[in-house]
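K.L.:
My structure file data01.csv, CSV, C-alpha atoms, is below:
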chain,number,residue,atom,x,y,z
A,146,MET,CA,-25.4,7.1,8.3
A,147,GLN,CA,-24.1,10.0,6.3
A,148,PRO,CA,-23.4,9.4,2.6
A,149,ALA,CA,-19.9,8.3,1.8
A,150,VAL,CA,-19.2,11.5,-0.1
A,151,ASN,CA,-19.8,13.6,3.0
A,152,ARG,CA,-16.9,12.0,4.8
A,153,ILE,CA,-14.3,13.3,2.3
A,154,ILE,CA,-12.6,16.6,3.0
A,155,VAL,CA,-10.2,17.7,0.2
A,156,ALA,CA,-7.1,19.7,1.2
A,157,LEU,CA,-6.6,22.7,-1.0
A,158,ASP,CA,-2.9,23.0,-0.3
A,159,THR,CA,-2.0,25.9,-2.6
A,160,ALA,CA,-1.3,29.6,-2.6
A,161,ASP,CA,-2.9,29.9,-6.1
A,162,LEU,CA,-6.5,31.1,-5.6
A,163,GLY,CA,-7.4,30.3,-9.2
A,164,GLN,CA,-6.3,26.7,-8.8
A,165,ALA,CA,-8.1,26.4,-5.5
A,166,ILE,CA,-11.3,27.7,-7.1
A,167,ARG,CA,-11.0,25.3,-10.0
A,168,TRP,CA,-10.7,22.4,-7.6
A,169,VAL,CA,-13.8,23.6,-5.7
A,170,GLU,CA,-15.8,23.9,-8.9
A,171,ALA,CA,-14.7,20.4,-10.0
A,172,LEU,CA,-15.4,18.7,-6.7
A,173,LYS,CA,-18.4,20.4,-5.2
A,174,GLY,CA,-21.2,17.9,-4.8
A,175,VAL,CA,-18.6,15.1,-4.9
A,176,VAL,CA,-16.9,15.7,-1.5
A,177,GLY,CA,-18.2,16.8,1.9
A,178,GLY,CA,-15.9,19.8,2.5
A,179,PHE,CA,-12.6,21.5,1.8
A,180,LYS,CA,-9.6,22.2,4.0
A,181,VAL,CA,-7.6,25.3,3.8
A,182,GLY,CA,-4.3,25.3,5.7
A,183,LEU,CA,-1.4,27.5,6.5
A,184,GLU,CA,-0.1,27.9,2.9
A,185,PHE,CA,-3.5,29.1,1.6
A,186,LEU,CA,-4.3,31.2,4.7
A,187,HIS,CA,-1.0,33.0,4.8
A,188,ALA,CA,-1.0,33.8,1.1
A,189,LEU,CA,-4.7,34.6,0.5
A,190,GLY,CA,-6.2,35.3,3.9
A,191,PRO,CA,-9.9,35.8,4.8
A,192,GLU,CA,-10.8,37.1,1.3
A,193,GLY,CA,-9.4,33.8,-0.2
A,194,VAL,CA,-11.7,31.8,2.1
A,195,ARG,CA,-14.7,34.0,1.0
A,196,SER,CA,-13.8,33.4,-2.6
A,197,LEU,CA,-13.9,29.7,-2.1
A,198,GLN,CA,-17.3,30.0,-0.5
A,199,SER,CA,-18.6,32.0,-3.4
A,200,ALA,CA,-17.3,29.3,-5.7
A,201,GLY,CA,-19.4,26.7,-3.9
A,202,ALA,CA,-17.3,25.5,-0.9
A,203,GLU,CA,-20.1,25.4,1.6
A,204,ARG,CA,-18.2,23.6,4.4
A,205,ILE,CA,-14.7,24.9,5.1
A,206,PHE,CA,-12.2,23.2,7.5
A,207,LEU,CA,-10.0,26.1,8.6
A,208,ASP,CA,-6.8,24.3,9.4
A,209,GLY,CA,-5.0,27.2,11.2
A,210,LYS,CA,-3.6,25.0,14.0
A,211,PHE,CA,-3.8,27.7,16.5
A,212,SER,CA,-1.1,27.4,19.2
A,213,ASP,CA,-0.4,30.2,21.6
A,214,ILE,CA,-1.3,31.5,25.0
A,215,PRO,CA,-5.0,31.2,25.9
A,216,ASN,CA,-5.8,34.9,25.3
A,217,THR,CA,-4.2,34.9,21.9
A,218,VAL,CA,-5.9,31.6,20.9
A,219,ALA,CA,-9.3,33.0,22.0
A,220,GLY,CA,-8.6,36.2,19.9
A,221,ALA,CA,-7.8,34.1,16.9
A,222,VAL,CA,-11.0,32.1,17.2
A,223,ARG,CA,-13.0,35.3,17.5
A,224,ALA,CA,-11.3,36.7,14.4
A,225,VAL,CA,-12.1,33.8,12.2
A,226,CYS,CA,-15.6,32.8,13.3
A,227,PRO,CA,-17.2,35.5,11.0
A,228,LEU,CA,-15.8,33.4,8.1
A,229,ARG,CA,-18.3,30.7,9.2
A,230,PRO,CA,-15.8,27.8,9.2
A,231,TRP,CA,-17.4,24.4,9.7
A,232,LEU,CA,-14.3,23.0,11.4
A,233,LEU,CA,-11.5,24.8,13.2
A,234,ASN,CA,-8.5,23.5,15.0
A,235,VAL,CA,-6.2,24.2,17.9
A,236,HIS,CA,-3.0,22.4,18.9
A,237,ALA,CA,-3.7,20.2,22.0
A,238,LEU,CA,-0.1,20.9,23.1
A,239,SER,CA,-1.2,24.5,23.6
A,240,GLY,CA,-2.7,23.2,26.8
A,241,PRO,CA,-6.0,22.9,28.6
A,242,ALA,CA,-6.5,26.6,29.2
A,243,ALA,CA,-6.0,27.4,25.5
A,244,MET,CA,-8.5,24.8,24.4
A,245,ARG,CA,-11.0,26.0,27.0
A,246,ALA,CA,-10.4,29.6,25.8
A,247,ALA,CA,-11.1,28.5,22.2
A,248,ARG,CA,-14.4,26.9,23.1
A,249,GLU,CA,-15.5,29.9,25.2
A,250,ALA,CA,-14.6,32.3,22.4
A,251,ALA,CA,-16.5,30.2,19.8
A,252,GLU,CA,-19.6,30.0,22.0
A,253,GLU,CA,-19.4,33.7,22.8
A,254,TRP,CA,-19.4,34.5,19.1
A,255,ALA,CA,-22.3,32.1,18.4
A,256,SER,CA,-24.4,33.6,21.2
A,257,ARG,CA,-23.7,37.1,20.0
A,258,SER,CA,-24.3,36.4,16.3
A,259,GLY,CA,-27.1,33.9,16.6
A,260,LEU,CA,-25.2,31.6,14.3
A,261,GLU,CA,-23.8,28.1,14.8
A,262,ARG,CA,-20.3,28.0,16.1
A,263,PRO,CA,-17.6,26.0,14.3
A,264,ARG,CA,-16.8,22.5,15.5
A,265,LEU,CA,-13.5,22.6,17.4
A,266,LEU,CA,-10.8,20.0,16.9
A,267,ALA,CA,-7.5,19.5,18.7
A,268,VAL,CA,-4.5,18.6,16.7
A,269,THR,CA,-2.8,15.6,18.5
A,270,VAL,CA,0.4,14.3,16.9
A,271,LEU,CA,1.1,15.4,13.3
A,272,THR,CA,1.1,12.5,10.8
A,273,SER,CA,4.6,13.3,9.8
A,274,LEU,CA,5.9,12.4,13.2
A,275,ASP,CA,7.0,8.9,14.3
A,276,GLU,CA,8.5,7.6,17.6
A,277,GLU,CA,12.0,8.8,16.8
A,278,SER,CA,10.7,12.3,15.9
A,279,LEU,CA,8.7,12.6,19.1
A,280,ARG,CA,11.8,11.6,21.2
A,281,ALA,CA,13.7,14.3,19.4
A,282,VAL,CA,11.3,17.0,20.7
A,283,GLY,CA,11.2,15.5,24.2
A,284,ILE,CA,8.1,13.3,24.1
A,285,GLN,CA,9.1,9.9,25.3
A,286,GLU,CA,5.9,8.0,24.6
A,287,GLY,CA,5.1,6.6,21.2
A,288,PRO,CA,2.6,8.3,18.8
A,289,ARG,CA,-0.3,6.1,19.9
A,290,ASP,CA,0.0,6.8,23.6
A,291,ALA,CA,0.6,10.5,23.0
A,292,VAL,CA,-2.5,10.7,20.8
A,293,ILE,CA,-4.7,8.9,23.3
A,294,ARG,CA,-3.4,11.2,26.1
A,295,LEU,CA,-4.0,14.3,24.1
A,296,ALA,CA,-7.4,13.2,22.9
A,297,ARG,CA,-8.5,12.6,26.4
A,298,LEU,CA,-7.2,16.1,27.4
A,299,ALA,CA,-9.0,17.7,24.5
A,300,GLN,CA,-12.3,16.0,25.3
A,301,THR,CA,-12.2,17.2,28.9
A,302,ASN,CA,-11.4,20.8,27.9
A,303,GLY,CA,-14.1,21.5,25.4
A,304,MET,CA,-13.0,20.2,22.1
A,305,ASP,CA,-15.6,18.5,19.8
A,306,GLY,CA,-13.0,16.1,18.4
A,307,VAL,CA,-9.4,15.6,17.3
A,308,VAL,CA,-7.2,15.4,14.3
A,309,ALA,CA,-5.5,12.0,14.5
A,310,SER,CA,-3.7,9.7,12.1
A,311,PRO,CA,-5.3,6.4,10.8
A,312,LEU,CA,-3.2,4.3,13.2
A,313,GLU,CA,-4.8,5.9,16.3
A,314,ILE,CA,-8.4,6.0,15.3
A,315,GLU,CA,-9.5,2.8,17.1
A,316,ALA,CA,-7.8,3.8,20.3
A,317,VAL,CA,-9.2,7.3,20.3
A,318,ARG,CA,-12.7,6.0,19.6
A,319,ALA,CA,-12.4,3.5,22.4
A,320,THR,CA,-11.2,6.2,24.8
A,321,CYS,CA,-13.5,9.1,23.9
A,322,GLY,CA,-16.7,7.4,22.8
A,323,PRO,CA,-18.9,7.4,19.7
A,324,ASP,CA,-19.8,11.1,19.7
A,325,PHE,CA,-16.3,12.5,19.7
A,326,LEU,CA,-15.3,13.6,16.2
A,327,ILE,CA,-12.2,12.0,14.6
A,328,VAL,CA,-10.9,13.8,11.5
A,329,THR,CA,-8.1,11.8,9.8
A,330,PRO,CA,-5.4,13.0,7.5
A,331,GLY,CA,-2.8,10.6,6.1
A,332,VAL,CA,-5.4,8.9,3.9
A,333,ARG,CA,-4.1,7.4,0.7
A,334,PRO,CA,-5.9,5.1,-1.8
A,335,ALA,CA,-4.3,1.7,-2.1
A,336,GLY,CA,-1.1,2.0,-4.0
A,337,GLY,CA,-0.9,5.8,-3.5
A,338,ALA,CA,2.3,7.6,-2.5
A,339,THR,CA,2.7,8.4,1.2
A,340,HIS,CA,4.6,11.7,0.4
A,341,ASP,CA,5.9,13.2,3.7
A,342,GLN,CA,3.5,11.4,6.1
A,343,ALA,CA,4.6,8.6,8.2
A,344,ARG,CA,1.3,7.2,9.6
A,345,VAL,CA,-1.1,6.5,6.7
A,346,ALA,CA,-4.0,4.2,5.7
A,347,THR,CA,-6.5,3.6,2.9
A,348,PRO,CA,-9.9,5.4,3.1
A,349,ALA,CA,-11.7,2.2,3.7
A,350,ALA,CA,-9.4,1.2,6.5
A,351,ALA,CA,-9.7,4.6,8.2
A,352,VAL,CA,-13.5,4.6,8.1
A,353,HIS,CA,-13.7,1.0,9.2
A,354,ALA,CA,-11.5,1.9,12.2
A,355,GLY,CA,-14.0,4.6,13.2
A,356,ALA,CA,-13.0,7.9,11.5
A,357,ASP,CA,-15.8,10.4,10.9
A,358,TYR,CA,-14.1,12.4,8.2
A,359,LEU,CA,-11.1,11.8,5.9
A,360,VAL,CA,-8.7,14.5,4.8
A,361,VAL,CA,-7.4,13.7,1.3
A,362,GLY,CA,-5.0,16.0,-0.5
A,363,ARG,CA,-2.6,15.1,-3.3
A,364,ALA,CA,-4.4,11.8,-4.1
A,365,VAL,CA,-7.2,13.9,-5.4
A,366,THR,CA,-5.8,17.3,-6.3
A,367,GLY,CA,-2.7,15.8,-7.9
A,368,ALA,CA,-4.8,13.4,-10.0
A,369,ALA,CA,-5.2,13.9,-13.8
A,370,ASP,CA,-9.0,14.0,-13.1
A,371,PRO,CA,-9.6,15.2,-9.5
A,372,ARG,CA,-13.4,14.6,-9.7
A,373,LEU,CA,-12.9,11.0,-10.9
A,374,ALA,CA,-10.3,10.4,-8.1
A,375,ALA,CA,-12.8,11.7,-5.5
A,376,GLU,CA,-15.6,9.6,-6.9
A,377,GLY,CA,-13.4,6.6,-6.7
A,378,ILE,CA,-12.8,7.2,-3.0
A,379,ALA,CA,-16.5,7.8,-2.4
A,380,ALA,CA,-17.3,4.5,-4.2
A,381,GLU,CA,-14.8,2.6,-2.0
A,382,LEU,CA,-16.4,4.0,1.1
A,383,ALA,CA,-19.9,3.3,-0.1
A,384,SER,CA,-19.0,-0.3,-0.5
A,385,LEU,CA,-18.2,-0.8,3.1
A,386,PRO,CA,-21.0,-2.8,4.8
A,387,ALA,CA,-20.9,-0.7,8.0
A,388,LEU,CA,-21.1,2.7,6.3
Written as structure tokens, that's how I'd like the structure from this file.
P.N.:
Amino acid sequence: MQPAVNRIIVALDTADLGQAIRWVEALKGVVGGFKVGLEFLHALGPEGVRSLQSAGAERIFLDGKFSDIPNTVAGAVRAVCPLRPWLLNVHALSGPAAMRAAREAAEEWASRSGLERPRLLAVTVLTSLDEESLRAVGIQEGPRDAVIRLARLAQTNGMDGVVASPLEIEAVRATCGPDFLIVTPGVRPAGGATHDQARVATPAAAVHAGADYLVVGRAVTGAADPRLAAEGIAAELASLPAL
């Protein structure tokens, strides 16, 4: 089993490079990776990612949520592979061809460079969406059924895993097997605020259900002492008998 600390991915949701670097310097060695999303990427771009790596962020989850026609998704994957992301994601709703194109582009880059390709994740249903929200955009099934369907689609079209909320972990694991990665946002320590996410759980509950990695944002970065907050989550996970 991997150490509990390696399961924690901290979301660096900021456009302030100095703040992001301070978080990395405070948390490296205490967490397993760092996620950079749209706010960071649009404000700071590839150079921002390189700055984080120079500060000690060895494993980067590049949360670009690529969603476009297959050729464009493939081009985006080729463009970011030189940044050496550990994880990279594509929207499952982009469709089977786009997911296959992402996998092919990543493998092509790895073959050409002689380096390991990023692990590819499919975004299923955003954690901010509930059944009413899905109906509003034309998806009649509930979040759980939609996530299972999209996870199965992702697995058969070259994805290494999915991003799925805590409430769907057990169903995805049962459907896709033990080797399919499950990265789970919407993780909040007991008593923590849910903010704008509708489907949440505690770190212990998420790992017990079968998550491989937990994305934690404001519960760590918004804490008075982010390192202490991350250590608390790691201690909670380490206490689980099955970990």
K.L.:
Residues around (-5.1, 24.0, 5.5), cut-off 9 Å, counting all atoms listed in the file - what are they as a ChimeraX atom specification?
P.N.:
/A:156-159,179-186,206-210
K.L.:
I'd like to know which of A:Thr301, A:Val225, A:Pro334, A:Pro288 is closest to Ala316 (chain A), using all atoms listed in the file.
P.N.:
A:Pro288
K.L.:
Between A:Gly163, A:Pro241, A:Gly178, A:Pro215, which residue has the minimum interatomic distance to Val328 (chain A), considering all atoms listed in the file?
P.N.:
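Of A:Gly163, A:Pro241, A:Gly178, A:Pro215, the one nearest Val328 (chain A), counting all atoms listed in the file, is A:Gly178.
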K.L.:
Return the single residue from A:Met244, A:Val332, A:Leu228, A:Val194 that is closest to Ile214 (chain A), with distances computed using all atoms listed in the file.
P.N.:
A:Met244
K.L.:
With only C-alpha atoms as the atoms that count, which of A:Ala356, A:Cys321, A:Ala255, A:Val307 lies nearest to Leu232 (chain A)?
P.N.:
A:Val307
K.L.:
For CA of Gly362 (chain A) and CA of Val222 (chain A), determine how far apart the two atoms are, in Å to one decimal place.
P.N.:
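Going from CA of Gly362 (chain A) over to CA of Val222 (chain A), I get 24.7 Å.
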K.L.:
Using all atoms listed in the file and a cutoff of 8 Å, can you tell me which residues are near (-5.3, 17.1, 4.6) in the file's coordinates, and write them out as a PyMOL selection string?
P.N.:
chain A and resi 154-156+180+329-331+359-362
K.L.:
For CA of Val235 (chain A) and CA of Ala350 (chain A), quote the distance in Å rounded to one decimal.
P.N.:
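Separating CA of Val235 (chain A) from CA of Ala350 (chain A) is a distance of 25.9 Å.
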K.L.:
Go through A:Leu189, A:Ala349, A:Ala243, A:Cys226 one by one, measure the shortest atom-to-atom distance of each to Asp161 (chain A) using only C-alpha atoms, and give the residue with the smallest value.
P.N.:
A:Leu189
K.L.:
Please compute the CA of Leu238 (chain A)-CA of Ile205 (chain A) distance, one decimal, in Å.
P.N.:
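So the two atoms, CA of Leu238 (chain A) and CA of Ile205 (chain A), lie 23.5 Å apart.
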K.L.:
Using all atoms listed in the file for the distances, tell me which of A:Ala242, A:Ala160, A:Ala380, A:Ala364 is nearest to His187 (chain A).
P.N.:
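Ranked by minimum distance to His187 (chain A), first place goes to A:Ala160.
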K.L.:
Give me the residues within 10 Å of Ala219 (chain A) as a ChimeraX atom specification, counting all atoms listed in the file and dropping any in the same chain fewer than 2 places off.
P.N.:
/A:211,213-217,221-224,243-251
K.L.:
Could you work out an axis-aligned box for region 353-365 of chain A, taking every atom the file lists and adding 5 Å on each side, and report centre and edge lengths in Å to one decimal, as AutoDock Vina command-line options?
P.N.:
--center_x -9.2 --center_y 8.5 --center_z 3.9 --size_x 23.2 --size_y 25.0 --size_z 28.6
K.L.:
For Gly174 (chain A), please output as a list in words all residues within 10 Å (counting all atoms listed in the file; exclusion window: fewer than 6 positions along the same chain).
P.N.:
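Near neighbours after the sequence-gap exclusion: Val150, Asn151, Gly201, Ala202, Glu203 and Arg372 of chain A.
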K.L.:
Return region 224-248 of chain A, completed with N, CA and C atoms, as an mmCIF file, in the coordinates of the input.
P.N.:
data_model
loop_
_atom_site.group_PDB
_atom_site.id
_atom_site.type_symbol
_atom_site.label_atom_id
_atom_site.label_comp_id
_atom_site.auth_asym_id
_atom_site.auth_seq_id
_atom_site.Cartn_x
_atom_site.Cartn_y
_atom_site.Cartn_z
ATOM 1 N N ALA A 224 -11.581 36.043 15.712
ATOM 2 C CA ALA A 224 -11.300 36.700 14.400
ATOM 3 C C ALA A 224 -11.760 35.905 13.241
ATOM 4 N N VAL A 225 -11.727 34.565 13.336
ATOM 5 C CA VAL A 225 -12.100 33.800 12.200
ATOM 6 C C VAL A 225 -13.527 33.259 12.177
ATOM 7 N N CYS A 226 -14.195 33.318 13.302
ATOM 8 C CA CYS A 226 -15.600 32.800 13.300
ATOM 9 C C CYS A 226 -16.486 33.530 12.321
ATOM 10 N N PRO A 227 -16.330 34.834 12.046
ATOM 11 C CA PRO A 227 -17.200 35.500 11.000
ATOM 12 C C PRO A 227 -17.026 34.844 9.626
ATOM 13 N N LEU A 228 -15.963 34.088 9.389
ATOM 14 C CA LEU A 228 -15.800 33.400 8.100
ATOM 15 C C LEU A 228 -16.712 32.159 8.036
ATOM 16 N N ARG A 229 -17.356 31.821 9.134
ATOM 17 C CA ARG A 229 -18.300 30.700 9.200
ATOM 18 C C ARG A 229 -17.601 29.361 8.881
ATOM 19 N N PRO A 230 -16.416 29.088 9.453
ATOM 20 C CA PRO A 230 -15.800 27.800 9.200
ATOM 21 C C PRO A 230 -16.689 26.681 9.813
ATOM 22 N N TRP A 231 -16.706 25.546 9.155
ATOM 23 C CA TRP A 231 -17.400 24.400 9.700
ATOM 24 C C TRP A 231 -16.571 23.703 10.750
ATOM 25 N N LEU A 232 -15.277 23.528 10.489
ATOM 26 C CA LEU A 232 -14.300 23.000 11.400
ATOM 27 C C LEU A 232 -13.187 23.944 11.646
ATOM 28 N N LEU A 233 -12.634 23.928 12.856
ATOM 29 C CA LEU A 233 -11.500 24.800 13.200
ATOM 30 C C LEU A 233 -10.666 24.098 14.220
ATOM 31 N N ASN A 234 -9.330 24.246 14.100
ATOM 32 C CA ASN A 234 -8.500 23.500 15.000
ATOM 33 C C ASN A 234 -7.491 24.272 15.821
ATOM 34 N N VAL A 235 -7.113 23.655 16.941
ATOM 35 C CA VAL A 235 -6.200 24.200 17.900
ATOM 36 C C VAL A 235 -5.210 23.089 18.280
ATOM 37 N N HIS A 236 -3.951 23.401 18.493
ATOM 38 C CA HIS A 236 -3.000 22.400 18.900
ATOM 39 C C HIS A 236 -3.305 21.971 20.372
ATOM 40 N N ALA A 237 -3.477 20.677 20.606
ATOM 41 C CA ALA A 237 -3.700 20.200 22.000
ATOM 42 C C ALA A 237 -2.501 20.554 22.867
ATOM 43 N N LEU A 238 -1.313 20.599 22.287
ATOM 44 C CA LEU A 238 -0.100 20.900 23.100
ATOM 45 C C LEU A 238 -0.086 22.389 23.509
ATOM 46 N N SER A 239 -1.050 23.192 23.072
ATOM 47 C CA SER A 239 -1.200 24.500 23.600
ATOM 48 C C SER A 239 -1.652 24.486 25.074
ATOM 49 N N GLY A 240 -2.268 23.351 25.442
ATOM 50 C CA GLY A 240 -2.700 23.200 26.800
ATOM 51 C C GLY A 240 -4.137 23.297 27.102
ATOM 52 N N PRO A 241 -4.565 22.827 28.271
ATOM 53 C CA PRO A 241 -6.000 22.900 28.600
ATOM 54 C C PRO A 241 -6.599 24.252 28.595
ATOM 55 N N ALA A 242 -5.909 25.244 29.125
ATOM 56 C CA ALA A 242 -6.500 26.600 29.200
ATOM 57 C C ALA A 242 -6.716 27.168 27.812
ATOM 58 N N ALA A 243 -5.792 26.907 26.889
ATOM 59 C CA ALA A 243 -6.000 27.400 25.500
ATOM 60 C C ALA A 243 -7.151 26.766 24.840
ATOM 61 N N MET A 244 -7.323 25.466 25.050
ATOM 62 C CA MET A 244 -8.500 24.800 24.400
ATOM 63 C C MET A 244 -9.786 25.302 25.036
ATOM 64 N N ARG A 245 -9.809 25.482 26.341
ATOM 65 C CA ARG A 245 -11.000 26.000 27.000
ATOM 66 C C ARG A 245 -11.299 27.446 26.447
ATOM 67 N N ALA A 246 -10.265 28.235 26.272
ATOM 68 C CA ALA A 246 -10.400 29.600 25.800
ATOM 69 C C ALA A 246 -10.980 29.597 24.348
ATOM 70 N N ALA A 247 -10.535 28.639 23.533
ATOM 71 C CA ALA A 247 -11.100 28.500 22.200
ATOM 72 C C ALA A 247 -12.545 28.217 22.189
ATOM 73 N N ARG A 248 -12.942 27.280 23.022
ATOM 74 C CA ARG A 248 -14.400 26.900 23.100
ATOM 75 C C ARG A 248 -15.197 28.079 23.609
#
